[in-house]
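Listing of protein_13.txt, compact mmCIF, C-alpha atoms and all ligand atoms
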# COMPACT_ATOMS: atom_id res chain seq x y z
CA MET V 1 173.65 -78.90 251.59
CA GLU V 2 171.99 -80.77 248.75
CA ARG V 3 174.02 -80.89 245.53
CA PRO V 4 172.44 -79.09 242.55
CA PRO V 5 171.19 -81.33 239.75
CA ILE V 6 173.78 -81.91 237.06
CA LEU V 7 171.32 -80.39 234.60
CA GLN V 8 168.47 -78.00 235.13
CA VAL V 9 166.36 -76.64 232.29
CA ASP V 10 164.11 -73.73 233.24
CA ASP V 11 161.15 -72.88 231.06
CA ILE V 12 162.88 -72.87 227.68
CA ALA V 13 161.00 -71.80 224.57
CA VAL V 14 162.52 -72.32 221.11
CA THR V 15 161.69 -70.90 217.70
CA TYR V 16 163.04 -71.92 214.30
CA ASN V 17 163.60 -69.32 211.59
CA GLU V 18 162.46 -66.63 214.01
CA LEU V 19 158.84 -67.69 213.88
CA ALA V 20 157.87 -71.36 214.11
CA SER V 21 157.50 -72.19 217.80
CA ALA V 22 158.93 -75.66 218.54
CA LEU V 23 159.06 -75.61 222.35
CA GLY V 24 156.61 -73.67 224.48
CA GLY V 25 158.25 -73.63 227.91
CA VAL V 26 159.99 -76.87 228.86
CA SER V 27 161.45 -77.42 232.34
CA LEU V 28 163.23 -80.53 233.50
CA SER V 29 166.13 -81.64 235.65
CA VAL V 30 168.60 -84.50 235.78
CA SER V 31 170.14 -85.36 239.15
CA ASP V 32 173.80 -86.26 239.23
CA GLY V 33 174.12 -89.97 238.50
CA ALA V 34 170.61 -90.45 237.06
CA ILE V 35 169.25 -91.79 233.80
CA VAL V 36 166.32 -89.61 232.74
CA ALA V 37 164.18 -90.26 229.67
CA LEU V 38 162.52 -87.69 227.46
CA LEU V 39 159.58 -89.38 225.77
CA GLY V 40 157.23 -88.31 223.03
CA GLY V 41 156.14 -89.03 219.46
CA ASN V 42 157.39 -87.58 216.19
CA GLY V 43 157.83 -83.83 216.33
CA ALA V 44 157.07 -83.57 220.07
CA GLY V 45 160.24 -81.54 220.63
CA LYS V 46 162.72 -84.07 222.02
CA THR V 47 165.57 -83.28 219.61
CA THR V 48 164.94 -79.55 219.95
CA THR V 49 165.21 -79.82 223.73
CA LEU V 50 168.52 -81.70 223.52
CA LYS V 51 169.93 -79.26 220.95
CA ALA V 52 168.88 -76.29 223.07
CA ILE V 53 170.79 -77.78 226.02
CA SER V 54 173.94 -78.46 224.00
CA SER V 55 173.84 -75.10 222.16
CA LEU V 56 173.37 -76.70 218.75
CA LEU V 57 170.21 -74.82 217.75
CA ARG V 58 172.03 -72.15 215.81
CA VAL V 59 173.14 -74.71 213.23
CA GLU V 60 169.43 -75.27 212.47
CA ARG V 61 168.46 -71.58 212.48
CA GLY V 62 166.81 -72.13 215.82
CA ALA V 63 167.08 -69.92 218.89
CA LEU V 64 166.04 -69.78 222.52
CA ALA V 65 163.20 -67.30 222.91
CA ARG V 66 163.32 -67.55 226.70
CA GLY V 67 164.48 -69.70 229.58
CA ARG V 68 167.85 -70.79 230.88
CA ILE V 69 169.99 -73.90 231.23
CA LEU V 70 172.14 -74.68 234.26
CA TYR V 71 174.89 -77.30 234.22
CA ARG V 72 176.20 -78.19 237.68
CA GLY V 73 174.53 -75.03 238.96
CA THR V 74 176.23 -72.71 236.42
CA ASP V 75 174.31 -70.87 233.72
CA VAL V 76 175.43 -72.31 230.36
CA THR V 77 172.62 -70.94 228.20
CA ASP V 78 173.94 -70.37 224.66
CA ILE V 79 177.54 -71.15 225.64
CA ASP V 80 179.76 -72.40 222.76
CA PRO V 81 179.08 -76.13 222.28
CA TRP V 82 182.74 -77.19 222.58
CA ARG V 83 182.99 -75.44 225.95
CA LEU V 84 180.21 -77.73 227.14
CA VAL V 85 182.13 -80.77 225.91
CA GLU V 86 185.21 -79.47 227.76
CA ARG V 87 183.11 -79.31 230.91
CA GLY V 88 181.75 -82.81 230.44
CA LEU V 89 178.41 -82.39 228.66
CA VAL V 90 178.22 -84.11 225.28
CA GLN V 91 175.41 -84.95 222.86
CA VAL V 92 175.08 -88.04 220.67
CA LEU V 93 173.05 -86.87 217.69
CA GLU V 94 170.11 -88.76 216.25
CA GLY V 95 170.98 -91.05 213.36
CA ARG V 96 174.36 -92.37 214.60
CA ARG V 97 176.42 -90.02 212.47
CA CYS V 98 179.74 -91.61 211.64
CA PHE V 99 182.47 -90.66 209.19
CA SER V 100 181.81 -93.60 206.93
CA ARG V 101 185.22 -93.71 205.20
CA LEU V 102 187.20 -93.46 208.41
CA SER V 103 187.98 -96.55 210.44
CA VAL V 104 186.02 -97.32 213.59
CA GLU V 105 189.03 -96.34 215.69
CA ASP V 106 189.57 -93.02 213.92
CA ASN V 107 185.87 -92.24 214.42
CA LEU V 108 186.38 -92.83 218.13
CA ARG V 109 189.60 -90.81 218.34
CA ILE V 110 187.84 -87.74 216.95
CA GLY V 111 185.74 -87.62 220.11
CA ALA V 112 188.79 -87.10 222.31
CA PHE V 113 190.19 -83.95 220.81
CA VAL V 114 188.10 -81.21 222.35
CA ARG V 115 189.86 -81.82 225.65
CA ARG V 116 193.34 -81.82 224.02
CA PRO V 117 194.36 -85.00 225.82
CA SER V 118 197.77 -86.67 225.99
CA ALA V 119 198.44 -89.78 223.90
CA ARG V 120 198.22 -91.78 227.15
CA ALA V 121 194.78 -90.33 227.97
CA ILE V 122 193.53 -91.16 224.46
CA ALA V 123 194.80 -94.73 224.78
CA ASP V 124 193.09 -95.09 228.17
CA ALA V 125 189.82 -93.70 226.85
CA LEU V 126 189.97 -96.07 223.86
CA ASP V 127 190.61 -99.02 226.18
CA ARG V 128 187.54 -98.10 228.17
CA VAL V 129 185.36 -97.80 225.05
CA TYR V 130 186.61 -101.19 223.84
CA ALA V 131 185.90 -102.72 227.25
CA ILE V 132 182.35 -101.38 227.07
CA PHE V 133 181.87 -102.29 223.38
CA PRO V 134 184.12 -105.33 222.66
CA ARG V 135 182.58 -105.58 219.20
CA LEU V 136 184.14 -102.25 218.25
CA LYS V 137 187.57 -103.59 219.14
CA THR V 138 187.24 -106.47 216.71
CA ARG V 139 186.17 -104.02 214.01
CA ARG V 140 188.62 -101.24 214.89
CA ASN V 141 190.23 -101.13 211.42
CA THR V 142 187.00 -101.47 209.42
CA ALA V 143 185.60 -98.38 207.69
CA ALA V 144 182.62 -97.23 209.77
CA GLY V 145 180.43 -97.25 206.66
CA TYR V 146 180.75 -101.06 206.50
CA THR V 147 179.55 -101.68 210.06
CA SER V 148 175.98 -102.55 211.09
CA GLY V 149 173.43 -100.06 212.41
CA GLY V 150 173.98 -101.31 215.96
CA GLU V 151 177.74 -100.97 215.63
CA GLN V 152 177.32 -97.42 214.28
CA GLN V 153 175.24 -96.51 217.32
CA MET V 154 178.03 -97.95 219.48
CA ILE V 155 180.58 -95.85 217.57
CA ALA V 156 178.48 -92.72 218.11
CA ILE V 157 178.18 -93.41 221.85
CA GLY V 158 181.83 -94.48 222.04
CA ARG V 159 182.94 -91.25 220.38
CA ALA V 160 181.04 -89.26 223.00
CA LEU V 161 182.67 -91.34 225.75
CA MET V 162 186.14 -90.45 224.44
CA SER V 163 185.70 -86.95 225.90
CA ARG V 164 185.18 -88.52 229.35
CA PRO V 165 181.75 -86.92 229.86
CA SER V 166 179.74 -86.55 233.07
CA LEU V 167 176.44 -86.06 231.24
CA VAL V 168 175.48 -87.55 227.87
CA LEU V 169 172.46 -86.38 225.90
CA LEU V 170 171.41 -89.30 223.73
CA ASP V 171 168.96 -88.82 220.88
CA GLU V 172 166.87 -91.89 219.96
CA PRO V 173 169.47 -94.61 220.56
CA SER V 174 166.94 -97.31 219.59
CA MET V 175 166.01 -95.86 216.21
CA GLY V 176 165.87 -98.48 213.48
CA LEU V 177 167.60 -101.21 215.50
CA ALA V 178 166.49 -104.78 216.19
CA PRO V 179 165.12 -105.38 219.72
CA GLN V 180 168.12 -107.38 220.95
CA VAL V 181 170.51 -104.67 219.73
CA VAL V 182 168.40 -102.02 221.48
CA GLU V 183 168.55 -104.08 224.65
CA GLU V 184 172.34 -104.36 224.35
CA ILE V 185 172.69 -100.58 223.89
CA PHE V 186 170.49 -99.88 226.92
CA GLU V 187 172.36 -102.43 229.04
CA THR V 188 175.54 -100.54 228.17
CA ILE V 189 173.98 -97.22 229.14
CA GLY V 190 173.10 -98.78 232.50
CA ARG V 191 176.63 -100.08 232.92
CA LEU V 192 178.22 -96.69 232.12
CA ASN V 193 175.86 -95.14 234.60
CA ARG V 194 176.74 -97.60 237.37
CA GLU V 195 180.45 -98.05 236.77
CA ASP V 196 181.58 -94.67 235.37
CA LYS V 197 178.91 -92.52 237.07
CA VAL V 198 177.82 -91.04 233.74
CA SER V 199 174.42 -89.32 233.89
CA PHE V 200 172.11 -89.58 230.87
CA LEU V 201 169.25 -87.61 229.38
CA LEU V 202 167.89 -89.79 226.62
CA ALA V 203 165.23 -88.91 224.09
CA GLU V 204 163.20 -91.92 223.00
CA GLN V 205 160.05 -92.77 221.09
CA ASN V 206 160.42 -96.32 222.40
CA ALA V 207 158.93 -95.61 225.82
CA SER V 208 158.74 -99.20 226.99
CA VAL V 209 162.48 -99.80 226.74
CA ALA V 210 163.36 -96.33 228.05
CA LEU V 211 161.12 -96.75 231.10
CA ARG V 212 162.77 -100.05 231.95
CA HIS V 213 166.13 -98.33 232.29
CA ALA V 214 165.40 -94.76 233.40
CA ARG V 215 164.90 -93.54 236.96
CA GLU V 216 162.35 -90.97 235.84
CA ALA V 217 160.91 -89.59 232.63
CA TYR V 218 159.32 -86.52 231.10
CA VAL V 219 156.70 -86.84 228.39
CA LEU V 220 156.60 -84.15 225.72
CA GLU V 221 153.71 -83.34 223.46
CA SER V 222 153.67 -80.43 221.01
CA GLY V 223 156.63 -78.80 222.70
CA ARG V 224 155.33 -79.02 226.27
CA VAL V 225 155.86 -81.38 229.19
CA VAL V 226 152.54 -83.18 229.72
CA ALA V 227 153.67 -85.74 232.31
CA HIS V 228 156.63 -86.39 234.57
CA GLY V 229 157.48 -89.02 237.15
CA THR V 230 158.90 -92.42 237.86
CA PRO V 231 158.36 -95.27 235.39
CA GLU V 232 155.80 -96.81 237.81
CA HIS V 233 153.87 -93.56 237.93
CA LEU V 234 153.91 -93.04 234.17
CA ARG V 235 152.83 -96.61 233.40
CA GLN V 236 149.70 -95.94 235.41
CA ILE V 237 148.65 -92.98 233.30
CA ASP V 238 146.16 -94.34 230.79
CA ALA V 239 146.82 -91.73 228.14
CA MET V 240 150.51 -92.42 228.33
CA ARG V 241 149.94 -96.15 227.94
CA ASP V 242 147.68 -95.68 224.95
CA ALA V 243 149.85 -93.11 223.22
CA TYR V 244 153.31 -94.58 223.73
CA LEU V 245 153.49 -97.93 225.42
CA GLY V 246 151.18 -99.66 223.00
CA ALA V 247 152.88 -98.05 220.02
CA ALA V 248 154.10 -100.24 217.19
CA PRO V 249 157.84 -100.91 217.33
CA ALA V 250 160.14 -98.88 215.12
CA PRO V 251 161.12 -100.43 211.76
CA ILE V 252 163.97 -102.90 212.02
CA GLU V 253 167.14 -102.34 210.06
CA ASP V 254 169.48 -105.07 211.21
P1 LIG S 301 161.53 -86.72 216.03
O1 LIG S 301 161.56 -87.93 216.86
O2 LIG S 301 160.69 -86.85 214.80
O3 LIG S 301 162.90 -86.15 215.74
P2 LIG S 301 161.22 -84.74 218.09
O4 LIG S 301 160.37 -85.02 219.27
O5 LIG S 301 162.68 -84.87 218.25
O6 LIG S 301 160.75 -85.61 216.88
P3 LIG S 301 161.77 -82.12 217.08
O7 LIG S 301 162.61 -82.64 215.95
O8 LIG S 301 162.42 -81.44 218.18
O9 LIG S 301 160.85 -83.27 217.64
O10 LIG S 301 160.68 -81.15 216.43
C1 LIG S 301 159.83 -80.28 217.21
C2 LIG S 301 159.14 -79.31 216.25
O11 LIG S 301 160.11 -78.42 215.68
C3 LIG S 301 158.43 -79.97 215.09
O12 LIG S 301 157.25 -79.26 214.84
C4 LIG S 301 159.41 -79.82 213.95
O13 LIG S 301 158.75 -79.76 212.73
C5 LIG S 301 160.07 -78.50 214.27
N1 LIG S 301 161.46 -78.45 213.77
C6 LIG S 301 162.46 -79.29 214.12
N2 LIG S 301 163.61 -78.96 213.50
C7 LIG S 301 163.33 -77.86 212.73
C8 LIG S 301 164.11 -77.02 211.86
N3 LIG S 301 165.41 -77.25 211.66
N4 LIG S 301 163.48 -75.98 211.27
C9 LIG S 301 162.16 -75.74 211.48
N5 LIG S 301 161.37 -76.48 212.29
C10 LIG S 301 161.95 -77.53 212.91

Just give me the structure as structure tokens.
Ligand code: ATP
Amino acid sequence: MERPPILQVDDIAVTYNELASALGGVSLSVSDGAIVALLGGNGAGKTTTLKAISSLLRVERGALARGRILYRGTDVTDIDPWRLVERGLVQVLEGRRCFSRLSVEDNLRIGAFVRRPSARAIADALDRVYAIFPRLKTRRNTAAGYTSGGEQQMIAIGRALMSRPSLVLLDEPSMGLAPQVVEEIFETIGRLNREDKVSFLLAEQNASVALRHAREAYVLESGRVVAHGTPEHLRQIDAMRDAYLGAAPAPIED
């Protein structure tokens, strides 16, 4: 029998403040072991989709108006967010949120606690994060606020990895970073996918880099999926090329 996708989103609609409609029926799936991109411009609904999946809408006065979310074939719609992390689904929020006064290592350690691990398990998880991001090891005692934008994105991803996830939802990992740093981050995503079998759903405005690394992608516009397919397929759609692939690069911060 075919395994269910690790994530299946069925026709979700989202409203904010009980009225403004942000998503009008989005469906997508991520097969186990895949990297899937969620593309679209500003306000298309990428972040809302990720937050709906990881049950973080309530924080923003948002709610699911309909639809359901299945994780490994089990309905997890509106489940408490930390229960999802316990089960292996974790989100890296947009904007690389770090605790700026805490050291890099303490920022990473925070990510481990939902699973109440042993000291040994925390040490192992840290070793793995440092193997993936050697730069974080050299800066382990530095306050996160003094690290570069690229390093902060690595901390945010590293913190998610500390919970030993199976599926990571990644919101705009390229935002505000120089092209070579973006490339480094995406190379790492590919490596985690190959070596640790982590699946990814990543929201990106930078379609060209996302399509180079993803197996398939969904394109959102005004809260709806307007295209879906392999990178080869999507590159052939003229509208897609004009709207996203020719877009000016994001501003560079470091
Ligand atoms: P961006 O890349 O700019 O973050 P996005 O594709 O992630 O864009 P969303 O942030 O999901 O898009 O926004 C989708 C729609 O929902 C937009 O119309 C936006 O204005 C609206 N929206 C997002 N967050 C809120 C909120 N907290 N309250 C009310 N409306 C919101």

Pick from V:Val14, V:Leu19, V:Val104, V:Leu7 nearest to Tyr71 in chain V, counting only C-alpha atoms: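 So, comparing all the options, the nearest one is V:Leu7.
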
With the cut-off set at 12 Å and counting only C-alpha atoms and all ligand atoms, tabulate each residue of chain V with an atom at most that distance from an atom of ligand LIG 301 (chain S), showing the nearest atom pair and its distance in Å to one decimal, ordered by chain and increasing number, as a Markdown table.
| residue | atom | partner | partner_atom | distance |
| --- | --- | --- | --- | --- |
| V:Ala13 | CA | S:LIG301 | O11 | 11.1 |
| V:Val14 | CA | S:LIG301 | O11 | 8.5 |
| V:Thr15 | CA | S:LIG301 | N5 | 7.8 |
| V:Tyr16 | CA | S:LIG301 | C9 | 4.8 |
| V:Asn17 | CA | S:LIG301 | C9 | 6.6 |
| V:Glu18 | CA | S:LIG301 | C9 | 9.5 |
| V:Leu19 | CA | S:LIG301 | C9 | 9.0 |
| V:Ala20 | CA | S:LIG301 | N5 | 6.5 |
| V:Ser21 | CA | S:LIG301 | O11 | 7.1 |
| V:Ala22 | CA | S:LIG301 | O11 | 4.1 |
| V:Leu23 | CA | S:LIG301 | C1 | 7.0 |
| V:Gly24 | CA | S:LIG301 | C2 | 10.3 |
| V:Val26 | CA | S:LIG301 | O8 | 11.9 |
| V:Leu38 | CA | S:LIG301 | O4 | 8.9 |
| V:Leu39 | CA | S:LIG301 | O4 | 7.9 |
| V:Gly40 | CA | S:LIG301 | O4 | 5.9 |
| V:Gly41 | CA | S:LIG301 | O4 | 5.8 |
| V:Asn42 | CA | S:LIG301 | O2 | 3.7 |
| V:Gly43 | CA | S:LIG301 | O9 | 3.3 |
| V:Ala44 | CA | S:LIG301 | O4 | 3.7 |
| V:Gly45 | CA | S:LIG301 | O8 | 3.3 |
| V:Lys46 | CA | S:LIG301 | O4 | 3.7 |
| V:Thr47 | CA | S:LIG301 | O5 | 3.6 |
| V:Thr48 | CA | S:LIG301 | O8 | 3.6 |
| V:Thr49 | CA | S:LIG301 | O8 | 6.4 |
| V:Leu50 | CA | S:LIG301 | O8 | 8.1 |
| V:Lys51 | CA | S:LIG301 | O8 | 8.3 |
| V:Ala52 | CA | S:LIG301 | O8 | 9.6 |
| V:Leu56 | CA | S:LIG301 | N3 | 10.7 |
| V:Leu57 | CA | S:LIG301 | N3 | 8.1 |
| V:Arg58 | CA | S:LIG301 | N3 | 9.3 |
| V:Val59 | CA | S:LIG301 | N3 | 8.3 |
| V:Glu60 | CA | S:LIG301 | N3 | 4.6 |
| V:Arg61 | CA | S:LIG301 | N3 | 6.5 |
| V:Gly62 | CA | S:LIG301 | N3 | 6.7 |
| V:Ala63 | CA | S:LIG301 | N4 | 10.4 |
| V:Leu93 | CA | S:LIG301 | O3 | 10.4 |
| V:Glu94 | CA | S:LIG301 | O3 | 7.7 |
| V:Gly95 | CA | S:LIG301 | O3 | 9.7 |
| V:Leu170 | CA | S:LIG301 | O5 | 11.2 |
| V:Asp171 | CA | S:LIG301 | O5 | 7.9 |
| V:Glu172 | CA | S:LIG301 | O1 | 7.3 |
| V:Pro173 | CA | S:LIG301 | O1 | 11.0 |
| V:Ser174 | CA | S:LIG301 | O1 | 11.2 |
| V:Met175 | CA | S:LIG301 | O1 | 9.1 |
| V:Gly176 | CA | S:LIG301 | O1 | 11.9 |
| V:Leu202 | CA | S:LIG301 | O5 | 11.0 |
| V:Ala203 | CA | S:LIG301 | O5 | 7.5 |
| V:Glu204 | CA | S:LIG301 | O1 | 7.5 |
| V:Gln205 | CA | S:LIG301 | O1 | 6.6 |
| V:Asn206 | CA | S:LIG301 | O1 | 10.1 |
| V:Tyr218 | CA | S:LIG301 | O4 | 12.0 |
| V:Val219 | CA | S:LIG301 | O4 | 10.0 |
| V:Leu220 | CA | S:LIG301 | O4 | 7.5 |
| V:Glu221 | CA | S:LIG301 | O4 | 8.0 |
| V:Ser222 | CA | S:LIG301 | O12 | 7.2 |
| V:Gly223 | CA | S:LIG301 | C1 | 6.5 |
| V:Arg224 | CA | S:LIG301 | C1 | 10.2 |
| V:Val225 | CA | S:LIG301 | O4 | 11.5 |
| V:Ala250 | CA | S:LIG301 | O1 | 11.2 |

Separation of CA of Ala125 in chain V from CA of Tyr146 in chain V, in Å and rounded to one decimal: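 Distance between the two atoms: 23.5 Å.
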
Would you mind listing, for every residue of range 164-202 of chain V within 10 Å of range 79-85 of chain V, the two atoms forming the shortest contact and the distance between them in Å to one decimal, using all atoms listed in the file, sorted by chain and ascending residue number, as CSV?
residue,atom,partner,partner_atom,distance
V:Arg164,CA,V:Val85,CA,9.0
V:Pro165,CA,V:Val85,CA,7.3
V:Ser166,CA,V:Val85,CA,9.5
V:Leu167,CA,V:Val85,CA,9.4
V:Val168,CA,V:Val85,CA,9.7

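Omitting Ile110 in chain V and its sequence neighbours fewer than 5 positions away, and counting all atoms listed in the file, the residues within 10 Å are Phe99, Glu105, Arg159, Ala160, Met162 and Ser163 of chain V.
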
Can I get the selected residues back with C-alpha atoms, as a PDB file, keeping the file's coordinate frame?
ATOM      1  CA  PHE V  99     182.470 -90.660 209.190  1.00  0.00           C
ATOM      2  CA  GLU V 105     189.030 -96.340 215.690  1.00  0.00           C
ATOM      3  CA  ARG V 159     182.940 -91.250 220.380  1.00  0.00           C
ATOM      4  CA  ALA V 160     181.040 -89.260 223.000  1.00  0.00           C
ATOM      5  CA  MET V 162     186.140 -90.450 224.440  1.00  0.00           C
ATOM      6  CA  SER V 163     185.700 -86.950 225.900  1.00  0.00           C
TER       7      SER V 163
END

Best match for closeness to Phe186 in chain V among V:Arg97, V:Arg116, V:Arg109, V:His213, counting all atoms listed in the file: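 Smallest distance to Phe186 in chain V is found for V:His213.
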
Point (181.8, -100.1, 218.9), cut-off 10 Å, counting all atoms listed in the file, residues as a list of chain:residue names: V:Val104, V:Glu105, V:Asn107, V:Leu108, V:Val129, V:Tyr130, V:Ala131, V:Ile132, V:Phe133, V:Pro134, V:Arg135, V:Leu136, V:Lys137, V:Thr138, V:Arg139, V:Arg140, V:Ala144, V:Thr147, V:Gly150, V:Glu151, V:Gln152, V:Gln153, V:Met154, V:Ile155, V:Ala156, V:Ile157, V:Gly158, V:Arg159

Of the listed residues V:Arg96, V:Ile12, V:Asp106, V:Leu161, that which approaches Lys197 in chain V most closely, counting all atoms listed in the file: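 Selected residue with least distance to Lys197 in chain V: V:Leu161.
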
Proximity to Ile53 in chain V - best of V:Ala227, V:Ile35, V:Leu89, V:Val209, all atoms listed in the file: V:Leu89

Point-to-point distance from CA of Ala214 in chain V to CA of Pro231 in chain V, Å rounded to tenths: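 Separation of CA of Ala214 in chain V and CA of Pro231 in chain V: 7.3 Å.
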
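Rounded to one decimal, CA of Ser199 in chain V and CA of Gly145 in chain V lie 29.0 Å from each other.
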
Counting all atoms listed in the file, the option among V:Ser27, V:Ser55, V:Thr74, V:Ser100 closest to Pro4 in chain V: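 That would be V:Thr74, the residue with the smallest distance to Pro4 in chain V.
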
Nearest residue to Asp196 in chain V from the set V:Arg66, V:Arg3, V:Arg128, V:Arg72 (distances using all atoms listed in the file):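 Ranking V:Arg66, V:Arg3, V:Arg128, V:Arg72 by distance to Asp196 in chain V, first place goes to V:Arg128.
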
Output as JSON the centre and edge lengths (Å, one decimal) of the box along x, y and z of the file that holds every listed atom of range 193-205 of chain V after adding 3 Å on each side.
{"center_x": 170.8, "center_y": -92.8, "center_z": 229.2, "size_x": 27.5, "size_y": 16.4, "size_z": 22.3}
